[in-house]
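Heads up: the structure comes next, in structure tokens.
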Amino acid sequence: MADVLFKKVDYTLKKLLEDIDMGEIGLPDIQRPFVWGTSKVRDLFDSMYRGYPVGYLLFWENGYPGEHRTIGTDKKQKVPRLLIVDGQQRLTALYAVMKAVPVVDKKFRSRYIRIAFHPLEERFEVTNSAIKKDVAWIPDISKIWDGSTSTFAFTTTYLQRLKAKRALAPAEEQRVANAIDRLQKLLDYPLTALEISSSVDEDRVAEIFVRINSKGTPLNQADFILTLMSVFWEEGRKELEAFCRDAKQLPAAGSRPTPFNHYLLPNPDQLLRVSVALGFRRARLEHVYSLLRGKDLQTRQFSPEQRERQFAILQEAQKHVLDLQNWHEFFKVLKRAGYPGEQIISSQMAILYTYALWLIGKRDFGVDLYHLREVIARWFFMAALTSRYSGSPESRMEQDLALLREAKNADDFVRVLDGQIQAVLTNDYWQVTLPNELESASSRSTGQFAYYAALCLLDAPVLYSRMKVTALLDPSTKAKKSALERHHLFPRNYLRRQGTTERREINQVANYALVEWSDNIAISDQPPKDYVPQMEQRFSVDELRRMYELHALPEKWYELSYVDFLAERRKRIAAVIRKGFEQLTGAAAR
């Protein structure tokens with residue numbers, strides 16, 4: 001038989017709550033968003049009241065015997081010996097209700113979880129206004145455990161209130177007393193925890209979690225690192241989560257600067273990746289987790305001193321990642337690259353890892369901000385166009401970070417990135433690979449999005465309009481109906497009438513153009529040869545020539561067969577994307 005990696009430990013609920021208060025068990029900050037619905041909390045108490053099992057808890061020893069100080073000003077009496085791997089939501093629910101402390105919901109609103117109990121019916125409900133007015137209910141069961149009165153006194157007060165409204169038979173009074181006593185004794189409810197040895201690495205812990213909890217969300221290294229932050233650097237995790245919360249909320253007029261932006265609504269694990277890339281020059285989190293635990297990868301032993309050194313690196317990196325000046329200065333890079341907002345960016349990882357490279361260039365290599373913006377704009381355009389950070393983003397970023405190992409100064413940094421860009425965006429890429437990749441019907445095509453970015457860089461007008469693409473893609477301008485729409489140049493129903501019925505053929509990237517909403521409605525299902533001449537009358541010959549050049553359309557395009565039109569336009573779209581990219585390289589000016 002293989003060595004057992006865990007031990008079974010029996011707890012009472014009271015003991016678990018005490019260990020959380022003492023810091024023996026690391027329950028992450030209760031102010032973290034609580035994802036359970038209140039009805040699920042109600043059902044948890046109902047199951048326990050009826051004596052049903054409510055599942056195992058899964059803990060993981062942190063590897064440190066005795067007590068060790070935390071980073072910051074955590075009020076806990078000790079560093080937790082046990083980290084919660086599975087059961088966090090259950091323990092948070094129990095702690096929040098029985099200790100009467102507020103939680104934060106998914107919208108970051110602070111609220112109490114109020115669970116009501118009907119002693120005569122022995123029924124639990126989520127408290128509402130009707131329950132509060134009904135004396136037959138205990139509207140907040142936390143009062144039973146708050147220590148302000150004995151169970152006997154609590155029961156007496158409840159019965160007096162109820163008898164003031166209606167008569168009670170002796171049997172009913174006894175039933176009430178028994179029910180309240182049974183509820184109070186939930187503190188003695190038995191719970192079983194499986195405590196995994198600290199010698200087990202995070203990959204095996206994650207596998208154990210998945211095997212015993214098939215309905216759970218698989219854990220990853222980011223989850224483990226965030227848990228470590230809760231234990232050893234709670235202030236850092238609070239800062240990270242507060243930043244992410246503020247980034248998702250539109251600031252009020254005249255308020256202080258916030259992280260809100262039109263590119264990324266970050267989650268803590270995403271910004272953690274940026275900090276790790278900046279601080280440790282790593283994209284894979286598996287080794288970073290071990291480092292932050294203070295584990296020597298050679299001796300496999302834990303060292304508090306090693307942990308403190310590594311957390312100091314993470315602290316310094318996070319300070320730069322969450323700096324508002326850095327944050328908003330970086331988004332100017334994306335705008336410079338032709339991307340006005342997230343609506344034409346298909347990969348959040350491309351934003352995150354490009355931000356990491358921008359920070360490395362600024363902090364570690366001292367690249368002048370103007371030149372840094374230019375080279376990173378080129379990098380982002382390349383990365384977004386080629387889906388560089390899709391598929392296996394960690395592996396790709398590890399390779400990119402490795403490129404910088406020999407760089408010594410700002411010039412080396414720029415040279416390395418530009419060299420990689422040139423190695424990817426070759427003549428063959430522009431003339432062969434990209435036109436072939438544009439033979440796609442994906443609504444999130446990176447080629448199509450890069451084409452829209454190129455139109456922004458080239459200051460192009462919307463097709464058959466004098467409004468600029470940049471203006472109508474501006475994410476700060478919102479309306480019930482988008483001012484700019486993708487329009488089928490050969491309308492869907494027209495193509496179907498011509499015998500082209502496959503969606504993949506109809507929805508080709510090359511069959512789309514950006515038009516104003518009102519034009520899209522007016523065009524409807526008309527054949528191109530009917531609606532285009534009317535549109536062309538709005539413009540001079542020179543205006544029309546430039547418009548067609550930017551929108552990758554040959555003259556009299558509407559007279560081509562659909563198949564020939566698609567093939568020709570794919571080549572022209574690739575050429576426009578290249579021309580837009582050249583605006584970032586200076587080649588267009590030469």
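Scheme for the structure tokens: letters A, B, ... for chains in order shown; per-chain residue numbers from 1; ligand numbers from 1 in order shown.
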Quiz item: Quick one: residues within 10 Å of Lys571 (chain A), only C-alpha atoms counted, chain neighbours fewer than 4 positions away excluded, as an MDAnalysis selection string?
Solution: chainID A and resid 430:432 434:436 438 510 552 566:567 575:576
With N, CA and C atoms retained, write the just-selected residues as a JSON list (two decimals), in the first residue's frame.
[["chain", "number", "residue", "atom", "x", "y", "z"],
["A", 430, "TRP", "N", 3.15, 38.29, -44.10],
["A", 430, "TRP", "CA", 2.20, 39.29, -44.63],
["A", 430, "TRP", "C", 1.56, 38.83, -45.94],
["A", 431, "GLN", "N", 2.33, 38.16, -46.79],
["A", 431, "GLN", "CA", 1.85, 37.87, -48.14],
["A", 431, "GLN", "C", 1.18, 36.50, -48.28],
["A", 432, "VAL", "N", 1.54, 35.57, -47.39],
["A", 432, "VAL", "CA", 0.99, 34.22, -47.53],
["A", 432, "VAL", "C", 0.19, 33.80, -46.28],
["A", 434, "LEU", "N", -0.88, 35.39, -43.44],
["A", 434, "LEU", "CA", -2.01, 36.20, -42.98],
["A", 434, "LEU", "C", -3.21, 36.11, -43.92],
["A", 435, "PRO", "N", -3.04, 36.25, -45.25],
["A", 435, "PRO", "CA", -4.22, 36.09, -46.12],
["A", 435, "PRO", "C", -4.90, 34.73, -45.93],
["A", 436, "ASN", "N", -4.12, 33.68, -45.70],
["A", 436, "ASN", "CA", -4.72, 32.37, -45.47],
["A", 436, "ASN", "C", -5.47, 32.32, -44.14],
["A", 438, "LEU", "N", -6.94, 34.72, -42.74],
["A", 438, "LEU", "CA", -8.15, 35.54, -42.85],
["A", 438, "LEU", "C", -9.31, 34.78, -43.48],
["A", 510, "ALA", "N", -13.62, 38.47, -44.76],
["A", 510, "ALA", "CA", -13.51, 39.35, -45.94],
["A", 510, "ALA", "C", -14.86, 39.87, -46.42],
["A", 552, "ALA", "N", -9.87, 47.97, -48.20],
["A", 552, "ALA", "CA", -9.43, 46.76, -48.89],
["A", 552, "ALA", "C", -10.40, 46.32, -49.98],
["A", 566, "LEU", "N", -13.86, 37.47, -52.26],
["A", 566, "LEU", "CA", -13.26, 37.06, -50.98],
["A", 566, "LEU", "C", -11.75, 36.89, -51.12],
["A", 567, "ALA", "N", -11.31, 36.22, -52.17],
["A", 567, "ALA", "CA", -9.88, 35.97, -52.36],
["A", 567, "ALA", "C", -9.12, 37.29, -52.52],
["A", 575, "ALA", "N", -2.71, 43.52, -46.60],
["A", 575, "ALA", "CA", -1.87, 44.66, -46.97],
["A", 575, "ALA", "C", -2.19, 45.89, -46.12],
["A", 576, "VAL", "N", -3.48, 46.11, -45.82],
["A", 576, "VAL", "CA", -3.86, 47.24, -44.98],
["A", 576, "VAL", "C", -3.35, 47.05, -43.55]]
Exercise. Run DSSP on the backbone and grab whatever in region 3-203 of chain A lands in strand (DSSP E or B); send it over as a PyMOL selection string.
Key: chain A and resi 6-12+25-26+33+57-61+82-86+103-104+110-111+115-118+123-126+138+190-196
Can you spit out the residues from that selection as a tab-separated table (two decimals), in the first residue's frame, using N, CA and C atoms?
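Saved as selection24.tsv:
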chain	number	residue	atom	x	y	z
A	6	PHE	N	-2.40	11.92	3.91
A	6	PHE	CA	-3.23	12.78	4.75
A	6	PHE	C	-3.56	12.06	6.05
A	7	LYS	N	-4.06	12.84	7.00
A	7	LYS	CA	-4.61	12.24	8.21
A	7	LYS	C	-6.02	12.78	8.42
A	8	LYS	N	-6.85	11.98	9.04
A	8	LYS	CA	-8.24	12.37	9.31
A	8	LYS	C	-8.31	12.96	10.71
A	9	VAL	N	-8.90	14.14	10.80
A	9	VAL	CA	-9.03	14.82	12.10
A	9	VAL	C	-10.50	15.21	12.28
A	10	ASP	N	-11.05	14.86	13.44
A	10	ASP	CA	-12.44	15.20	13.74
A	10	ASP	C	-12.50	16.50	14.54
A	11	TYR	N	-13.40	17.36	14.14
A	11	TYR	CA	-13.60	18.65	14.81
A	11	TYR	C	-15.06	18.76	15.22
A	12	THR	N	-15.31	19.64	16.18
A	12	THR	CA	-16.66	20.16	16.36
A	12	THR	C	-16.70	21.51	15.66
A	25	ILE	N	-6.33	28.01	11.71
A	25	ILE	CA	-6.82	27.67	10.37
A	25	ILE	C	-6.91	28.95	9.56
A	26	GLY	N	-6.36	28.93	8.36
A	26	GLY	CA	-6.32	30.15	7.53
A	26	GLY	C	-7.56	30.28	6.66
A	33	PRO	N	-15.03	38.43	-1.96
A	33	PRO	CA	-16.36	38.12	-2.49
A	33	PRO	C	-16.82	36.70	-2.18
A	57	LEU	N	-13.95	18.49	4.93
A	57	LEU	CA	-13.12	19.68	4.70
A	57	LEU	C	-11.73	19.19	4.31
A	58	LEU	N	-11.06	19.95	3.48
A	58	LEU	CA	-9.73	19.58	3.04
A	58	LEU	C	-8.75	20.68	3.42
A	59	PHE	N	-7.84	20.34	4.32
A	59	PHE	CA	-6.82	21.29	4.78
A	59	PHE	C	-5.44	20.83	4.29
A	60	TRP	N	-4.51	21.78	4.29
A	60	TRP	CA	-3.14	21.50	3.86
A	60	TRP	C	-2.19	22.14	4.85
A	61	GLU	N	-1.32	21.35	5.44
A	61	GLU	CA	-0.35	21.89	6.37
A	61	GLU	C	0.61	22.83	5.63
A	82	LEU	N	-2.81	25.49	9.09
A	82	LEU	CA	-3.58	24.79	8.07
A	82	LEU	C	-4.17	25.78	7.07
A	83	LEU	N	-4.05	25.46	5.80
A	83	LEU	CA	-4.64	26.25	4.73
A	83	LEU	C	-5.86	25.50	4.20
A	84	ILE	N	-6.93	26.22	3.90
A	84	ILE	CA	-8.15	25.58	3.42
A	84	ILE	C	-8.04	25.37	1.91
A	85	VAL	N	-8.15	24.13	1.49
A	85	VAL	CA	-8.15	23.80	0.06
A	85	VAL	C	-9.58	23.61	-0.43
A	86	ASP	N	-10.39	22.92	0.36
A	86	ASP	CA	-11.79	22.70	-0.01
A	86	ASP	C	-12.65	22.87	1.23
A	103	VAL	N	-20.25	39.79	4.92
A	103	VAL	CA	-19.46	39.30	3.79
A	103	VAL	C	-19.61	40.31	2.66
A	104	VAL	N	-18.80	40.14	1.64
A	104	VAL	CA	-18.89	40.98	0.45
A	104	VAL	C	-19.39	40.12	-0.68
A	110	SER	N	-21.07	45.11	0.82
A	110	SER	CA	-20.98	44.48	2.13
A	110	SER	C	-22.39	44.21	2.65
A	111	ARG	N	-22.61	42.99	3.12
A	111	ARG	CA	-23.94	42.65	3.63
A	111	ARG	C	-23.82	41.51	4.65
A	115	ILE	N	-30.14	34.47	8.48
A	115	ILE	CA	-30.91	33.23	8.37
A	115	ILE	C	-31.92	33.19	9.52
A	116	ALA	N	-33.17	32.91	9.16
A	116	ALA	CA	-34.25	32.87	10.15
A	116	ALA	C	-34.62	31.42	10.47
A	117	PHE	N	-35.22	31.24	11.66
A	117	PHE	CA	-35.62	29.90	12.11
A	117	PHE	C	-36.99	29.96	12.74
A	118	HIS	N	-37.85	29.02	12.36
A	118	HIS	CA	-39.20	28.90	12.91
A	118	HIS	C	-39.21	27.70	13.86
A	123	ARG	N	-38.07	25.06	10.80
A	123	ARG	CA	-37.81	25.40	9.40
A	123	ARG	C	-36.91	26.62	9.32
A	124	PHE	N	-35.97	26.59	8.37
A	124	PHE	CA	-35.06	27.71	8.13
A	124	PHE	C	-35.48	28.45	6.88
A	125	GLU	N	-35.27	29.75	6.87
A	125	GLU	CA	-35.51	30.57	5.69
A	125	GLU	C	-34.51	31.71	5.66
A	126	VAL	N	-34.32	32.27	4.48
A	126	VAL	CA	-33.54	33.51	4.38
A	126	VAL	C	-34.43	34.63	4.88
A	138	ILE	N	-37.60	33.44	14.51
A	138	ILE	CA	-36.36	34.06	15.02
A	138	ILE	C	-35.68	34.62	13.77
A	190	PRO	N	-20.44	17.61	14.47
A	190	PRO	CA	-19.13	17.04	14.11
A	190	PRO	C	-18.79	17.26	12.64
A	191	LEU	N	-17.57	17.68	12.39
A	191	LEU	CA	-17.07	17.85	11.03
A	191	LEU	C	-15.74	17.12	10.93
A	192	THR	N	-15.51	16.52	9.79
A	192	THR	CA	-14.27	15.78	9.56
A	192	THR	C	-13.40	16.52	8.55
A	193	ALA	N	-12.13	16.68	8.89
A	193	ALA	CA	-11.19	17.31	7.97
A	193	ALA	C	-10.12	16.30	7.58
A	194	LEU	N	-9.74	16.35	6.32
A	194	LEU	CA	-8.58	15.60	5.85
A	194	LEU	C	-7.43	16.59	5.77
A	195	GLU	N	-6.40	16.36	6.55
A	195	GLU	CA	-5.26	17.27	6.59
A	195	GLU	C	-4.11	16.66	5.79
A	196	ILE	N	-3.80	17.32	4.67
A	196	ILE	CA	-2.76	16.83	3.77
A	196	ILE	C	-1.39	17.28	4.26
Exercise. Find the residue from A:Phe330, A:Pro527, A:Gln534, A:Asp3 that sits nearest to Arg496 (chain A); use only C-alpha atoms when measuring.
Key: A:Pro527
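Distance check against Phe260 (chain A) using only C-alpha atoms: of A:Asp400, A:Ser476, A:Tyr355, A:Asp46, the minimum falls on A:Ser476.
Atom pair CA of Pro119 (chain A) / CA of Ser148 (chain A) has a distance of 20.0 Å (rounded to one decimal).
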Self-check item: Residues of region 228-265 of chain A in alpha helix (DSSP H), written as a PyMOL selection string
Solution: chain A and resi 228-232+234-247
How about saving the chosen residues, C-alpha atoms kept, as a PDB file, in the first residue's frame?
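Wrote part-v4.pdb, looks like this:
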ATOM      1  CA  LEU A 228      -0.461  32.047   0.626  1.00  0.00           C
ATOM      2  CA  MET A 229      -0.958  35.801   0.361  1.00  0.00           C
ATOM      3  CA  SER A 230      -3.960  35.458   2.666  1.00  0.00           C
ATOM      4  CA  VAL A 231      -1.770  33.686   5.200  1.00  0.00           C
ATOM      5  CA  PHE A 232       1.537  35.520   5.011  1.00  0.00           C
ATOM      6  CA  GLU A 234      -2.983  39.643   3.944  1.00  0.00           C
ATOM      7  CA  GLU A 235      -2.493  43.360   3.300  1.00  0.00           C
ATOM      8  CA  GLY A 236      -1.030  42.588  -0.123  1.00  0.00           C
ATOM      9  CA  ARG A 237      -3.981  40.468  -1.106  1.00  0.00           C
ATOM     10  CA  LYS A 238      -6.380  43.144   0.135  1.00  0.00           C
ATOM     11  CA  GLU A 239      -4.594  45.746  -1.980  1.00  0.00           C
ATOM     12  CA  LEU A 240      -4.767  43.467  -4.995  1.00  0.00           C
ATOM     13  CA  GLU A 241      -8.465  42.773  -4.580  1.00  0.00           C
ATOM     14  CA  ALA A 242      -9.351  46.397  -3.838  1.00  0.00           C
ATOM     15  CA  PHE A 243      -7.548  47.428  -7.024  1.00  0.00           C
ATOM     16  CA  CYS A 244      -9.496  44.858  -9.062  1.00  0.00           C
ATOM     17  CA  ARG A 245     -12.760  45.944  -7.449  1.00  0.00           C
ATOM     18  CA  ASP A 246     -12.136  49.618  -8.254  1.00  0.00           C
ATOM     19  CA  ALA A 247     -11.133  48.754 -11.827  1.00  0.00           C
TER      20      ALA A 247
END
Quiz prompt | Nearby residues (only C-alpha atoms) at most 12 Å from Arg538 (chain A), same-chain spacing under 4 positions excluded, as a PyMOL selection string | solution = chain A and resi 463-466+532-534+542-544+547
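Distances here use only C-alpha atoms; by that measure, the residue among A:Met535, A:Ile523, A:Leu324, A:Ile344 closest to Tyr452 (chain A) is A:Ile344.
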Self-check item: Exercise: region 386-389 of chain A partners within 12 Å, only C-alpha atoms, chain neighbours under 3 positions left out, as a ChimeraX atom specification
Solution: /A:283,345-354,379-383,392-400,420-421,424-425,429-430,433-434,437-438,444-450
Exercise. One decimal, Å: what's the distance from CA of Asp418 (chain A) over to CA of Val375 (chain A), could you say?
Key: 7.0 Å
Quiz item: For Glu555 (chain A), which residue among A:Val541, A:Leu13, A:Ile208, A:Leu186 is the nearest when counting only C-alpha atoms?
Solution: A:Val541
Quiz prompt | Shortest interatomic distance to Val333 (chain A) - which of A:Lys579, A:Leu584, A:Val200, A:Leu159, counting only C-alpha atoms | solution = A:Leu584
Self-check item: Nearest-residue call for Ala277 (chain A), choices A:Cys456, A:Leu401, A:Leu385, A:Leu292, using only C-alpha atoms
Solution: A:Leu401
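Counting from CA of Ile573 (chain A), the distance to CA of Leu264 (chain A) is 27.3 Å.
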Quiz prompt | Within 12 Å of Arg497 (chain A) using only C-alpha atoms, minus same-chain residues under 6 positions, as a ChimeraX atom specification | solution = /A:490-491,506,525-527
